[in-house]
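Data block below; observations after.
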Amino acid sequence: MRRSSWIARIDLGRLGTALKLLITALAWNFGLLLAGCASLGLTEPAAGPGSPGSAPALASEPTSEPLPRLETGMHTAPIRRIASDRAGRWAVTASDDKTARVWDVASGRQLAVLRPPHDAGNEGKLYAVAMSPDGQTVAVAGWTGWDWNQQVSIYLFDRASTRLLRRIPGLPNVVYHLAYSPDGRWLAASLGDKNGIRVFDAASGAERGRAADYGDTSYSVHFAGDSRRLLSTSWDGQLRVHAVDEQGGLRLLKAATPAGGAEPYDARFSPDGQRIAVGFYDSRVVQVLDAQTLGEVARPVITGVGNGDLSRVAWSADGRSLLAGGRWNVGGKFAVRRAVDGWSRYEDVPLTSNGVFDLVALPVAGGGWLFAAGDPSWGVLDAAARVLRRHDAAIADLRGPDELRISADGRRLRFAYRWRGNDAGVFDLATRSLDADPSCRSNPTKYRAAGRSPPTASVSFLAATGTCACSKPAARSSGRSRSRAPSGR
């Protein structure tokens, strides 16, 4: 996603005043706590350290300056990953907004907010999260610690108290995925660039195993149910299965280049450990492979999937169905496909207004899944992939062409709360009031329900000129540029 370039035909001083007032009005309108922000902006997902344009200003420790944030009770940037404990009691989400949030799965209620050390820019963005099988510990990582000492750290939190327990330092690039072994002994991490994967002792944080012979970034690690095999993907095109010994050491059992695509993204063992499902970032294919030979067993039908990808995959708890999603868009909604026994039967469920970024099976009676998306949103699906409960963004989505306009007299500012101009509002500089825009696709019912009448006056707005290349961020943890280690490393 390229940043927009705007050349506005308006009085910039008046626009600045309007924007400041708009920010305040939005905070009041949503009931937010506005601690004070110098600016609001949307940025693309960060590439790994050392990518073009990504070099940070280095410091020896986190900043001591205040970093004000809006607290909405929900994430305010894309949710990259979601995880749960073995009983499916809690969910934890990790986001570009530099927080991880713990949720009660049964009710959807937010229980805690985890805030690892962070700074301005990319520092602190979370691309990976895992919860220990007993639900007591949460591990988070991403672009975490790099700006201070050119090393990335994994942070470990106590779920109940939100206390930061310790960190695992010294990683050479960003972390894109984390996974606990089912027995709780090991924590595995996928690393950016050609750094492969690592295995740590979950109790002490000591490194026990590594596999570094990777030709590109790894975006996924997953343990088999017996905790003795570790599956990983890499954008060098290969899937790898390693044996995990009693000390956590790794030994390569099998590597193969699946035919479904050149960029395998998510790969998951089936619950019985006999099969592997893999989705690809550069293809709409989903493959089911034999876990021993890595040979193809089946390809779930992709009839009707005419765009995007199905790079995120998750088995059901009983292994009888497979859920896949990613950047596949159906009529403006990003959908998931549930393939069932035989792989020729399927059900499609439109789910989010931005890419589906993660899918995780719920290990509970009746099955189901957790999903996370870039809206941001997250939710719980039942065994038929129907939405049981969900949390959607509590902030305005200002992306898209001509989403921000100003009236010809400079007194009114128009914006949209939702993608593609939906639920547009007008801020009046003279009256300092915020209301619906009657000339767009607003929903007047929403305003009447709140005891307010939608305005009837027609206002003509000027579009900003220039190039606007705003688009939905690609459903990838680091944007389109491949992550690269800093020069000289």
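Chain identifiers are assigned as A, B, and so on, following the order in which chains appear in the structure tokens; residues are numbered from 1 within each chain, and ligands are numbered from 1 in order of appearance.
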Report task. Pick out the residues sitting within 7 Å of A:Ala291, and hand them over as a PyMOL selection string; count only C-alpha atoms, and ignore anything fewer than 6 positions along from it in its own chain. Result -> chain A and resi 273-276
Excluding A:Ala394 and its own-chain neighbours fewer than 6 positions away, which residues fall within 9 Å of it when counting only C-alpha atoms? Please give them as a short mmCIF file (atom, residue, chain, number, x, y, z; two decimals) with C-alpha atoms, in the first residue's frame.
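Everything below was put into selection-v2.cif:
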```cif
data_model
loop_
_atom_site.label_atom_id
_atom_site.label_comp_id
_atom_site.auth_asym_id
_atom_site.auth_seq_id
_atom_site.Cartn_x
_atom_site.Cartn_y
_atom_site.Cartn_z
CA PHE A 30 -17.05 7.60 20.37
CA THR A 72 -11.30 2.25 22.73
CA GLY A 73 -11.68 -1.14 24.37
CA MET A 74 -10.66 -2.65 21.04
CA HIS A 75 -7.64 -2.67 18.74
CA THR A 76 -7.13 0.39 16.56
CA PRO A 376 -9.46 -4.62 12.84
#
```
Query raised in the report: Can you list every residue in stretch 51-263 of chain A that DSSP puts in strand (DSSP E), as a ChimeraX atom specification?
Result: /A:79-84,90-95,100-104,110-114,126-131,137-142,152-158,164-171,175-180,186-191,197-201,207-211,221-223,229-233,239-244,250-256
**Report entry** Exercise: stretch 212-218 of chain A partners within 10 Å, only C-alpha atoms, chain neighbours under 3 positions left out, as a ChimeraX atom specification
**Finding:** /A:48,173-177,189-198,209,221,232-240,263-266,482-484
May I have the selected residues written with C-alpha atoms, as a compact mmCIF listing (two decimals), in the first residue's frame?
```
# COMPACT_ATOMS: atom_id res chain seq x y z
CA GLY A 48 11.54 -6.26 8.54
CA ASN A 173 15.11 -10.11 12.82
CA VAL A 174 11.40 -9.56 13.40
CA VAL A 175 9.25 -12.46 14.65
CA TYR A 176 6.28 -13.36 12.44
CA HIS A 177 4.81 -16.34 14.27
CA ALA A 189 9.41 -18.70 16.63
CA SER A 190 9.45 -17.91 12.89
CA LEU A 191 11.94 -15.20 11.93
CA GLY A 192 12.23 -12.69 9.13
CA ASP A 193 14.75 -12.87 6.28
CA LYS A 194 16.97 -15.96 6.10
CA ASN A 195 17.06 -16.59 9.84
CA GLY A 196 14.81 -19.65 9.98
CA ILE A 197 13.19 -20.80 13.22
CA ARG A 198 14.13 -21.09 16.89
CA GLY A 209 17.16 -25.56 19.06
CA VAL A 221 5.50 -22.70 12.84
CA SER A 232 7.42 -24.55 9.29
CA THR A 233 6.97 -22.59 6.07
CA SER A 234 9.37 -20.32 4.23
CA TRP A 235 9.15 -18.08 1.22
CA ASP A 236 12.08 -19.94 -0.23
CA GLY A 237 9.22 -22.21 -1.35
CA GLN A 238 9.75 -25.06 1.09
CA LEU A 239 7.87 -26.77 3.88
CA ARG A 240 10.06 -28.35 6.52
CA GLU A 263 5.14 -18.66 -1.23
CA PRO A 264 3.71 -21.02 1.41
CA TYR A 265 2.31 -18.96 4.28
CA ASP A 266 0.38 -20.94 6.90
CA ARG A 482 10.34 -8.96 1.88
CA SER A 483 12.08 -8.45 5.19
CA ARG A 484 15.83 -8.13 5.08
```
Requested in this report: Choose the residue, out of A:Ala324, A:Ala120, A:Ala339, A:Leu351, that has the smallest atom-to-atom separation from A:Phe280; count only C-alpha atoms.
Outcome: A:Ala324
**Report entry** Contacts of A:Gly142 within 6 Å, only C-alpha atoms, excl. fewer than 2 positions in-chain, as a ChimeraX atom specification
**Finding:** /A:125-128,144,174-175
